[in-house]
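Student: My file is coords15.csv. It has CSV, C-alpha atoms and all ligand atoms:
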```csv
chain,number,residue,atom,x,y,z
E,1,MET,CA,191.8,63.1,-6.3
E,2,PRO,CA,193.1,62.8,-2.7
E,3,ALA,CA,195.9,65.1,-1.6
E,4,PRO,CA,199.4,63.7,-1.5
E,5,CYS,CA,200.8,62.4,1.7
E,6,SER,CA,202.3,65.3,3.7
E,7,ALA,CA,205.2,63.1,4.8
E,8,CYS,CA,206.4,61.3,1.7
E,9,GLY,CA,204.7,63.4,-1.0
E,10,ALA,CA,204.6,60.4,-3.3
E,11,SER,CA,201.5,58.4,-2.3
E,12,PRO,CA,198.0,59.7,-2.0
E,13,ALA,CA,196.9,60.4,1.6
E,14,ALA,CA,194.7,57.7,3.1
E,15,LEU,CA,193.7,59.5,6.3
E,16,ARG,CA,193.9,62.7,8.3
E,17,ARG,CA,195.6,62.0,11.6
E,18,PRO,CA,193.3,62.8,14.5
E,19,LYS,CA,196.3,63.7,16.7
E,20,THR,CA,198.1,66.1,14.4
E,21,GLY,CA,195.7,66.8,11.5
E,22,HIS,CA,198.4,65.7,9.0
E,23,ALA,CA,197.2,64.0,5.8
E,24,LEU,CA,199.2,60.7,5.5
E,25,CYS,CA,199.4,57.7,3.3
E,26,ARG,CA,198.9,54.2,5.0
E,27,ALA,CA,202.7,53.4,5.1
E,28,CYS,CA,203.6,56.8,6.6
E,29,PHE,CA,200.9,56.6,9.2
E,30,LEU,CA,201.9,53.1,10.3
E,31,ALA,CA,205.6,54.2,10.4
E,32,ALA,CA,204.7,57.3,12.5
E,33,PHE,CA,202.5,55.4,14.9
E,34,GLU,CA,205.2,52.7,15.5
E,35,GLU,CA,208.0,55.3,15.9
E,36,GLU,CA,205.9,57.3,18.4
E,37,THR,CA,205.3,54.2,20.4
E,38,HIS,CA,209.0,53.3,20.4
E,39,GLN,CA,209.9,56.8,21.5
E,40,ALA,CA,207.4,56.6,24.4
E,41,ILE,CA,209.0,53.3,25.4
E,42,VAL,CA,212.5,54.7,25.3
E,43,ALA,CA,211.6,58.1,26.9
E,44,GLY,CA,209.7,56.4,29.7
E,45,ARG,CA,212.4,53.7,30.2
E,46,LEU,CA,209.5,51.2,30.3
E,47,PHE,CA,211.6,48.1,29.8
E,48,ARG,CA,215.0,46.7,30.6
E,49,PRO,CA,216.8,44.1,28.4
E,50,GLY,CA,216.0,40.5,29.6
E,51,GLU,CA,212.7,41.4,31.3
E,52,THR,CA,209.7,39.2,31.0
E,53,VAL,CA,206.7,41.3,30.1
E,54,ALA,CA,203.1,40.1,30.5
E,55,ILE,CA,200.9,41.9,28.0
E,56,GLY,CA,197.4,42.2,29.4
E,57,ALA,CA,195.4,40.7,26.5
E,58,SER,CA,191.7,41.2,26.4
E,59,GLY,CA,191.1,40.6,22.7
E,60,GLY,CA,190.0,44.2,22.2
E,61,LYS,CA,191.6,46.7,19.9
E,62,ASP,CA,194.0,48.3,22.4
E,63,SER,CA,195.6,45.2,23.7
E,64,THR,CA,195.7,43.6,20.3
E,65,VAL,CA,197.6,46.6,18.9
E,66,LEU,CA,199.8,46.7,21.9
E,67,ALA,CA,200.8,43.0,21.6
E,68,HIS,CA,201.4,43.4,17.9
E,69,LEU,CA,203.5,46.5,18.4
E,70,LEU,CA,205.6,45.2,21.3
E,71,GLN,CA,206.5,42.1,19.3
E,72,LEU,CA,207.3,44.2,16.2
E,73,LEU,CA,209.3,46.8,18.1
E,74,ASP,CA,211.1,44.3,20.2
E,75,GLN,CA,212.4,42.7,17.0
E,76,ARG,CA,213.1,46.0,15.2
E,77,HIS,CA,214.9,47.7,18.1
E,78,SER,CA,216.3,44.6,20.0
E,79,TYR,CA,214.7,45.4,23.3
E,80,GLY,CA,215.6,41.8,24.4
E,81,LEU,CA,212.2,41.1,26.0
E,82,HIS,CA,210.4,37.9,26.8
E,83,LEU,CA,206.8,38.7,25.8
E,84,LEU,CA,203.8,36.8,27.1
E,85,LEU,CA,200.1,37.2,26.8
E,86,LEU,CA,198.0,37.3,30.0
E,87,SER,CA,194.2,37.2,29.9
E,88,VAL,CA,191.6,37.5,32.6
E,89,ASP,CA,188.4,35.6,32.2
E,90,GLU,CA,185.8,37.5,34.3
E,91,GLY,CA,183.1,35.0,33.4
E,92,ILE,CA,180.8,37.2,31.3
E,93,ALA,CA,178.9,35.1,28.8
E,94,GLY,CA,178.6,36.5,25.3
E,95,TYR,CA,181.4,38.9,25.9
E,96,ARG,CA,184.6,37.6,27.4
E,97,ASP,CA,184.2,34.1,25.9
E,98,ALA,CA,184.1,35.7,22.5
E,99,SER,CA,187.0,38.1,23.2
E,100,LEU,CA,189.1,35.3,24.5
E,101,ALA,CA,188.6,33.5,21.3
E,102,ALA,CA,190.2,36.5,19.6
E,103,VAL,CA,193.1,36.3,22.0
E,104,ARG,CA,193.6,32.7,21.2
E,105,ARG,CA,193.7,33.4,17.5
E,106,HIS,CA,196.3,36.1,18.1
E,107,GLN,CA,198.3,33.7,20.2
E,108,ARG,CA,198.3,31.1,17.4
E,109,ARG,CA,199.5,33.7,14.9
E,110,SER,CA,202.1,35.4,17.1
E,111,GLY,CA,203.4,32.3,18.8
E,112,LEU,CA,203.5,34.1,22.2
E,113,PRO,CA,202.8,32.0,25.3
E,114,LEU,CA,199.3,32.7,26.7
E,115,HIS,CA,198.0,32.2,30.2
E,116,VAL,CA,194.4,32.8,31.3
E,117,VAL,CA,193.3,33.4,34.9
E,118,SER,CA,189.7,33.3,35.7
E,119,TYR,CA,187.6,34.9,38.4
E,120,ARG,CA,185.9,31.6,39.1
E,121,GLN,CA,189.3,29.9,39.7
E,122,LEU,CA,190.6,32.8,41.8
E,123,TYR,CA,187.6,34.0,43.7
E,124,GLY,CA,184.9,31.3,43.3
E,125,TRP,CA,182.6,33.9,41.6
E,126,SER,CA,182.1,34.7,38.0
E,127,MET,CA,181.0,38.3,37.1
E,128,ASP,CA,177.7,36.9,35.8
E,129,ARG,CA,177.0,35.3,39.1
E,130,ILE,CA,178.0,38.5,41.0
E,131,ALA,CA,175.7,40.5,38.7
E,132,ARG,CA,172.8,38.1,39.6
E,133,HIS,CA,173.3,38.9,43.3
E,134,LEU,CA,174.1,42.6,42.9
E,135,GLY,CA,171.7,43.8,40.2
E,136,PRO,CA,172.7,46.0,37.3
E,137,ARG,CA,174.7,48.6,39.2
E,138,ASN,CA,178.3,48.5,40.7
E,139,ASN,CA,179.4,45.5,38.8
E,140,CYS,CA,182.4,47.3,37.5
E,141,THR,CA,183.5,48.1,41.0
E,142,PHE,CA,183.8,44.4,41.7
E,143,CYS,CA,185.3,43.6,38.3
E,144,GLY,CA,187.9,46.4,38.5
E,145,VAL,CA,189.2,45.3,41.9
E,146,PHE,CA,189.2,41.6,41.0
E,147,ARG,CA,190.9,42.3,37.6
E,148,ARG,CA,193.8,44.2,39.2
E,149,GLN,CA,194.6,41.3,41.5
E,150,ALA,CA,194.0,38.7,38.8
E,151,LEU,CA,196.5,40.3,36.5
E,152,ASP,CA,199.1,40.4,39.3
E,153,ARG,CA,198.5,36.8,40.2
E,154,GLY,CA,198.7,35.7,36.6
E,155,ALA,CA,201.9,37.8,36.1
E,156,LEU,CA,203.6,36.2,39.1
E,157,LEU,CA,202.6,32.7,38.0
E,158,MET,CA,204.2,33.4,34.7
E,159,GLY,CA,207.3,34.8,36.3
E,160,ALA,CA,206.7,38.3,34.7
E,161,ASP,CA,208.7,41.3,35.8
E,162,LYS,CA,206.2,43.8,34.4
E,163,ILE,CA,202.7,44.1,33.1
E,164,ALA,CA,202.1,46.1,30.0
E,165,THR,CA,198.5,47.2,29.5
E,166,GLY,CA,196.8,48.7,26.5
E,167,HIS,CA,195.5,51.9,28.2
E,168,ASN,CA,195.4,54.7,25.6
E,169,ALA,CA,195.2,58.5,25.9
E,170,ASP,CA,191.4,58.5,26.0
E,171,ASP,CA,191.3,56.0,28.8
E,172,VAL,CA,193.8,58.1,30.8
E,173,ALA,CA,191.7,61.3,30.2
E,174,GLU,CA,188.5,59.5,31.3
E,175,THR,CA,190.3,58.3,34.4
E,176,VAL,CA,191.5,61.8,35.3
E,177,LEU,CA,188.0,63.1,34.8
E,178,MET,CA,186.4,60.3,36.9
E,179,ASN,CA,189.0,60.8,39.7
E,180,PHE,CA,188.3,64.6,39.8
E,181,LEU,CA,184.5,64.0,39.8
E,182,ARG,CA,184.8,61.5,42.6
E,183,GLY,CA,187.4,63.5,44.5
E,184,ASP,CA,189.7,60.5,44.6
E,185,VAL,CA,192.9,62.1,45.7
E,186,GLY,CA,194.7,58.8,46.1
E,187,ARG,CA,194.3,57.8,42.5
E,188,LEU,CA,195.0,61.4,41.3
E,189,ARG,CA,198.3,61.4,43.2
E,190,ARG,CA,199.3,58.0,41.8
E,191,GLY,CA,199.3,59.7,38.5
E,192,VAL,CA,198.7,58.8,34.9
E,193,GLY,CA,202.2,58.5,33.5
E,194,THR,CA,203.4,55.9,31.0
E,195,GLY,CA,205.0,54.0,33.9
E,196,PRO,CA,206.5,51.8,35.0
E,197,ALA,CA,205.2,52.2,38.5
E,198,GLY,CA,204.4,49.8,41.3
E,199,GLY,CA,201.0,51.6,41.7
E,200,GLU,CA,198.5,49.7,43.8
E,201,GLY,CA,199.5,46.2,42.7
E,202,ALA,CA,202.4,43.9,43.3
E,203,VAL,CA,203.9,43.8,39.8
E,204,PRO,CA,205.0,47.1,38.1
E,205,ARG,CA,202.8,48.2,35.3
E,206,CYS,CA,203.3,50.3,32.2
E,207,LYS,CA,201.1,51.8,29.5
E,208,PRO,CA,203.1,52.1,26.2
E,209,LEU,CA,200.0,53.4,24.4
E,210,ARG,CA,199.3,56.0,27.0
E,211,HIS,CA,199.8,58.9,24.5
E,212,ALA,CA,198.1,57.2,21.6
E,213,TYR,CA,194.6,58.4,20.6
E,214,GLU,CA,191.9,55.8,20.6
E,215,LYS,CA,190.9,56.8,17.0
E,216,GLU,CA,194.5,56.2,15.9
E,217,ILE,CA,194.6,52.8,17.5
E,218,VAL,CA,191.5,51.9,15.6
E,219,LEU,CA,193.1,53.2,12.4
E,220,TYR,CA,196.3,51.3,13.1
E,221,ALA,CA,194.4,48.0,13.7
E,222,TYR,CA,192.4,48.6,10.5
E,223,PHE,CA,195.5,49.4,8.3
E,224,GLN,CA,197.4,46.4,9.7
E,225,GLY,CA,194.4,44.1,9.3
E,226,LEU,CA,194.5,43.0,12.9
E,227,ASP,CA,191.8,40.7,14.2
E,228,TYR,CA,190.1,41.9,17.4
E,229,PHE,CA,186.9,41.8,19.2
E,230,SER,CA,184.9,45.0,19.5
E,231,THR,CA,181.6,44.3,21.3
E,232,GLU,CA,181.0,46.2,24.5
E,233,CYS,CA,180.6,44.3,27.9
E,234,VAL,CA,177.0,43.7,28.8
E,235,TYR,CA,177.6,45.5,32.1
E,236,ALA,CA,179.3,48.6,30.6
E,237,PRO,CA,176.1,50.8,30.1
E,238,GLN,CA,175.8,51.1,33.9
E,239,ALA,CA,179.5,52.0,34.4
E,240,TYR,CA,180.4,55.5,35.8
E,241,ARG,CA,183.2,55.6,33.3
E,242,GLY,CA,180.6,55.7,30.5
E,243,TYR,CA,179.5,59.1,31.7
E,244,ALA,CA,183.1,60.4,31.9
E,245,ARG,CA,183.5,59.0,28.3
E,246,ALA,CA,180.4,60.8,27.0
E,247,LEU,CA,181.6,64.1,28.7
E,248,LEU,CA,185.0,63.7,27.1
E,249,LYS,CA,183.5,63.1,23.7
E,250,GLU,CA,181.5,66.4,24.1
E,251,LEU,CA,184.6,68.3,25.1
E,252,GLU,CA,186.6,66.8,22.2
E,253,ALA,CA,183.9,68.0,19.8
E,254,VAL,CA,184.5,71.6,20.7
E,255,ARG,CA,188.2,71.3,21.5
E,256,PRO,CA,190.0,68.4,19.7
E,257,SER,CA,193.0,68.6,22.1
E,258,ALA,CA,190.8,67.8,25.1
E,259,VAL,CA,192.1,64.2,25.3
E,260,ALA,CA,195.8,65.2,25.4
E,261,ASP,CA,195.1,68.3,27.7
E,262,LEU,CA,193.3,66.2,30.3
E,263,GLY,CA,196.1,63.6,30.3
E,264,HIS,CA,198.6,66.4,30.6
E,265,SER,CA,196.6,68.0,33.5
E,266,GLY,CA,196.7,64.6,35.3
E,267,GLU,CA,200.5,64.4,34.9
E,268,ARG,CA,201.1,68.0,36.1
E,269,LEU,CA,198.7,67.9,39.0
E,270,SER,CA,200.4,68.6,42.3
E,271,LEU,CA,198.7,67.9,45.6
E,272,ARG,CA,199.4,69.4,49.0
E,273,SER,CA,202.5,67.6,50.3
E,274,ASP,CA,201.0,67.3,53.8
E,275,LEU,CA,198.0,65.2,52.6
E,276,ARG,CA,198.1,61.9,54.4
E,277,MET,CA,197.9,58.9,52.1
E,278,PRO,CA,197.1,55.4,53.2
E,279,ALA,CA,200.0,53.3,54.3
E,280,ARG,CA,200.8,50.3,52.0
E,281,GLY,CA,200.6,47.0,53.9
E,282,THR,CA,199.4,43.5,53.2
E,283,CYS,CA,196.0,41.9,53.5
E,284,GLN,CA,195.7,39.7,56.6
E,285,ARG,CA,193.7,37.1,54.7
E,286,CYS,CA,195.2,36.8,51.3
E,287,GLY,CA,198.6,38.6,51.5
E,288,TYR,CA,197.8,41.0,48.6
E,289,VAL,CA,198.8,44.7,48.8
E,290,ALA,CA,196.3,46.5,51.1
E,291,SER,CA,196.0,49.8,53.1
E,292,GLN,CA,193.5,48.2,55.5
E,293,PRO,CA,193.6,44.9,57.4
E,294,LEU,CA,191.8,43.3,54.5
E,295,CYS,CA,192.4,44.2,50.8
E,296,LYS,CA,189.5,45.5,48.8
E,297,ALA,CA,188.9,42.2,47.0
E,298,CYS,CA,188.7,40.2,50.3
E,299,VAL,CA,186.2,42.8,51.6
E,300,LEU,CA,184.1,42.4,48.5
E,301,LEU,CA,184.3,38.6,48.6
E,302,GLU,CA,183.3,38.7,52.3
E,303,GLY,CA,180.1,40.5,51.3
E,304,LEU,CA,179.4,38.1,48.5
E,305,ASP,CA,180.1,35.0,50.6
E,306,ARG,CA,177.8,36.3,53.4
E,307,GLY,CA,175.0,37.0,50.9
E,308,LEU,CA,175.4,40.7,51.5
E,309,PRO,CA,177.0,41.8,48.2
E,310,LYS,CA,176.9,45.6,49.0
E,311,LEU,CA,178.9,45.2,52.2
E,312,GLY,CA,182.1,46.3,50.5
E,313,ILE,CA,180.7,49.2,48.5
E,314,GLY,CA,179.2,52.5,49.6
E,315,LYS,CA,179.2,54.0,53.1
E,316,HIS,CA,178.3,51.1,55.3
E,317,ARG,CA,180.9,51.5,58.0
E,318,ARG,CA,178.3,51.2,60.9
E,319,LEU,CA,176.9,48.0,59.5
E,320,ARG,CA,180.4,46.6,58.9
E,321,ASP,CA,181.2,47.5,62.6
E,322,LYS,CA,178.1,45.7,63.7
E,323,LEU,CA,179.1,42.5,61.8
E,324,ARG,CA,182.6,42.7,63.1
E,325,ASP,CA,181.3,42.9,66.7
E,326,GLY,CA,179.1,39.9,66.1
E,327,GLU,CA,175.8,41.9,66.4
E,328,PRO,CA,172.9,40.6,64.3
E,329,LEU,CA,171.6,42.9,61.4
E,330,THR,CA,168.0,43.7,61.1
E,331,GLN,CA,166.1,42.6,58.0
E,332,GLU,CA,166.1,46.2,56.8
E,333,GLU,CA,169.9,46.5,57.3
E,334,ARG,CA,170.5,43.2,55.5
E,335,ARG,CA,168.3,44.4,52.6
E,336,ARG,CA,170.4,47.6,52.4
E,337,LEU,CA,173.5,45.4,52.0
E,338,GLY,CA,171.8,43.6,49.1
E,339,ALA,CA,170.6,40.4,50.8
E,340,PRO,CA,167.9,38.6,48.8
E,341,ALA,CA,164.3,39.1,49.9
E,342,GLU,CA,163.0,36.4,52.3
E,343,GLY,CA,161.9,33.3,50.5
E,344,GLU,CA,164.2,33.9,47.6
E,345,PRO,CA,166.4,30.8,47.0
E,346,PRO,CA,170.2,31.2,47.6
E,347,GLU,CA,172.5,31.1,44.5
E,348,GLU,CA,174.3,27.8,43.9
E,349,GLN,CA,178.0,28.0,44.8
E,350,GLU,CA,180.4,27.8,41.9
E,351,PRO,CA,183.3,25.5,42.5
E,352,ARG,CA,186.6,27.3,43.1
E,353,GLY,CA,189.4,26.1,40.9
E,354,GLU,CA,193.0,25.2,41.4
E,355,LEU,CA,194.5,28.6,42.0
E,356,GLY,CA,192.9,29.6,45.2
E,357,THR,CA,195.1,27.4,47.4
E,358,ASP,CA,197.6,28.3,50.0
E,359,GLU,CA,200.4,27.3,47.7
E,360,GLU,CA,199.6,30.2,45.5
E,361,PRO,CA,201.0,33.7,46.2
E,362,TRP,CA,197.7,34.9,47.6
E,363,GLY,CA,195.7,31.8,48.5
E,364,ARG,CA,192.4,32.8,50.2
E,365,ARG,CA,192.2,31.6,53.8
E,366,GLU,CA,189.1,31.2,55.9
E,367,LEU,CA,188.3,33.9,58.5
E,368,ARG,CA,190.3,33.3,61.6
E,369,GLY,CA,188.3,35.5,63.9
E,370,PRO,CA,186.6,38.8,64.4
E,371,GLN,CA,189.9,40.7,64.0
E,372,ASP,CA,189.8,39.7,60.3
E,373,LEU,CA,186.6,41.5,59.9
E,374,ASP,CA,188.2,44.8,60.8
E,375,PHE,CA,187.7,46.5,57.5
J,1,LIG,FE1,184.2,44.3,34.0
J,1,LIG,FE2,182.7,46.5,33.9
J,1,LIG,FE3,184.6,46.2,32.1
J,1,LIG,FE4,182.4,44.7,32.1
J,1,LIG,S1,182.5,46.9,31.7
J,1,LIG,S2,184.5,43.9,31.8
J,1,LIG,S3,181.9,44.4,34.2
J,1,LIG,S4,184.9,46.5,34.4
J,2,ZN,ZN,192.9,40.1,50.5
```
As C-alpha cells - that is how I would like this structure written.
Ligand code: SF4
Ligand code: ZN

Tutor:
Amino acid sequence: MPAPCSACGASPAALRRPKTGHALCRACFLAAFEEETHQAIVAGRLFRPGETVAIGASGGKDSTVLAHLLQLLDQRHSYGLHLLLLSVDEGIAGYRDASLAAVRRHQRRSGLPLHVVSYRQLYGWSMDRIARHLGPRNNCTFCGVFRRQALDRGALLMGADKIATGHNADDVAETVLMNFLRGDVGRLRRGVGTGPAGGEGAVPRCKPLRHAYEKEIVLYAYFQGLDYFSTECVYAPQAYRGYARALLKELEAVRPSAVADLGHSGERLSLRSDLRMPARGTCQRCGYVASQPLCKACVLLEGLDRGLPKLGIGKHRRLRDKLRDGEPLTQEERRRLGAPAEGEPPEEQEPRGELGTDEEPWGRRELRGPQDLDF
C-alpha cells in the first residue's frame, strides 16, 4: 500500500520528488511543478504583458513541457503573451526530421503558430554535410554557433520580443562545469540566471525551467501524457557536454543536491572587476553581434566554404593570418585545417534558400576584400 500524498493526505503518493524528496500524488506534483514555474517567471520578471514570445521548440521533453506550461500559465495567470513556436532544422537525418514531426504534432494540438528556420536556408550547409567534411569531432561547435544565430533570425522574422528556451537545472549545471573546465571566463560571467538577458545574441532570452530538475520534467511530461521525441542526436556521443553530464551524474549519485549547488555556484560567482571582456560590435559581413570583425558563424562558414573546415576552430591564428595576407598554405597546413586529401572529390554544394538574402536582417554578403578576413 503506497504512502499517502504528503501534500493532500487524501490520495496515494505516485512518486517521490527528486528535488525535495516529498512523496506526492499525481495531481499535487503537477500543481507544485506548475506553481514553481509560475513563481520563477514572476520572480525573474521574465515577461511583460503584450510581449511576443518565441518558444524554442525542438520536439524534445524540455521544450515540449515549456510550451505546454507557458500556454497553460499564460491562460491561468493572464500574462497577456503572444506565444509562438520556433524550431531550428539543423539538417540531421534520422534525428531532427523525427523531432520536428513531434513539434508539428504539438503545433496542431496547441494551435500556436510555428516557424522553422533551417541551416541549409540560412548558411547553405546542413549539419550532415558539415559532419561529412569535419569528421566525428567538433560538430557541436558548429551546431551551437549556428543555432544561436538561427534562433535570433527566426525570432526577428516572427516579430518576437523574447526567446524562451527549455534549458533546465541540469543543463545549467553542465554548462557551469564545462565553462569551468574550459576556463571560459566570458561565458561564466554572462551567468546562468533565469533571464531575461541580451546575452550574446540579438533577442533577449529567458529560461523559465532553469530551476527545474531534468528528472521532474520527465515526470511532468509523463503524468501529463505529453508527446515528445527522445532519441539522442547522432553527433552527441562526441560532444564535450557529454563528459560534463557524466561527471554531473556521478556527483549527483553521492550528493543529490549537486545539480542545484552547481547552478547556485554559477549564479554567485564573482569575477575580478578589472578583467577585460570583449567589446560587443557587429559582424562586418552579416551584421550579427560579434566581438571580432567577423562573427563566429561567418568565420566557421569561411572555413567550410574554403574547404578548410577547421579554420574557425582551435588555435590556428598563424594560418588564419597567412590566409588573410594572401599567402598560400602548404599541403600539410591545409590538411591541419581539415582539407580533403588530394584526389578526394569535393562535396556538392547545397543550394542556399530564401533567407540568406540582403533583405534579411543578416543576409550573408560575399567577401569584399582581405580586411574581411581579419578574424
Ligand atoms: Fe547539434 Fe551537437 Fe546538439 Fe547534435 S548534439 S543537435 S550536433 S549541438
Ligand atoms: Zn557574421

Student: When you draw a straight line from atom CA of Ala7 of chain E to atom CA of Lys207 of chain E, how long is it in Å?

Tutor: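 Calculated distance between atom CA of Ala7 of chain E and atom CA of Lys207 of chain E is 27.5 Å.
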
Student: Using all atoms listed in the file, determine which residues fall within 8 Å of ligand ZN 2 (chain J), then list them as a list of chain:residue names.

Tutor: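 Residues satisfying the distance criterion: E:Thr282, E:Cys283, E:Gln284, E:Arg285, E:Cys286, E:Gly287, E:Tyr288, E:Val289, E:Ala290, E:Leu294, E:Cys295, E:Lys296, E:Ala297, E:Cys298, E:Val299, E:Trp362, E:Arg364.
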
Student: Produce as a PDB file with C-alpha atoms, keeping the file's coordinate frame the set of residues near ligand LIG 1 (chain J), where near means within 8 Å with only C-alpha atoms and all ligand atoms considered.

Tutor:
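Just written: result-v1.pdb:
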```pdb
ATOM      1  CA  GLU E  90     185.800  37.500  34.300  1.00  0.00           C
ATOM      2  CA  ILE E  92     180.800  37.200  31.300  1.00  0.00           C
ATOM      3  CA  ARG E  96     184.600  37.600  27.400  1.00  0.00           C
ATOM      4  CA  MET E 127     181.000  38.300  37.100  1.00  0.00           C
ATOM      5  CA  ASN E 139     179.400  45.500  38.800  1.00  0.00           C
ATOM      6  CA  CYS E 140     182.400  47.300  37.500  1.00  0.00           C
ATOM      7  CA  THR E 141     183.500  48.100  41.000  1.00  0.00           C
ATOM      8  CA  PHE E 142     183.800  44.400  41.700  1.00  0.00           C
ATOM      9  CA  CYS E 143     185.300  43.600  38.300  1.00  0.00           C
ATOM     10  CA  GLY E 144     187.900  46.400  38.500  1.00  0.00           C
ATOM     11  CA  ARG E 147     190.900  42.300  37.600  1.00  0.00           C
ATOM     12  CA  GLU E 232     181.000  46.200  24.500  1.00  0.00           C
ATOM     13  CA  CYS E 233     180.600  44.300  27.900  1.00  0.00           C
ATOM     14  CA  VAL E 234     177.000  43.700  28.800  1.00  0.00           C
ATOM     15  CA  TYR E 235     177.600  45.500  32.100  1.00  0.00           C
ATOM     16  CA  ALA E 236     179.300  48.600  30.600  1.00  0.00           C
ATOM     17  CA  PRO E 237     176.100  50.800  30.100  1.00  0.00           C
ATOM     18  CA  ALA E 239     179.500  52.000  34.400  1.00  0.00           C
TER      19      ALA E 239
END
```

Student: Would you list the contacts of segment 20-34 of chain E as number ranges by chain, taking every protein, DNA or RNA residue within 7 Å and counting only C-alpha atoms, but skipping same-chain residues closer than 3 positions in sequence?

Tutor: E: 5-7, 11-17, 37-38, 220, 223

Student: Go through E:Gly59, E:Gly80, E:Gly186, E:Gly338 and flag the residue nearest Ala131 of chain E, using only C-alpha atoms for the distances.

Tutor: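 Checking each of E:Gly59, E:Gly80, E:Gly186, E:Gly338 against Ala131 of chain E, counting only C-alpha atoms, the winner is E:Gly338.
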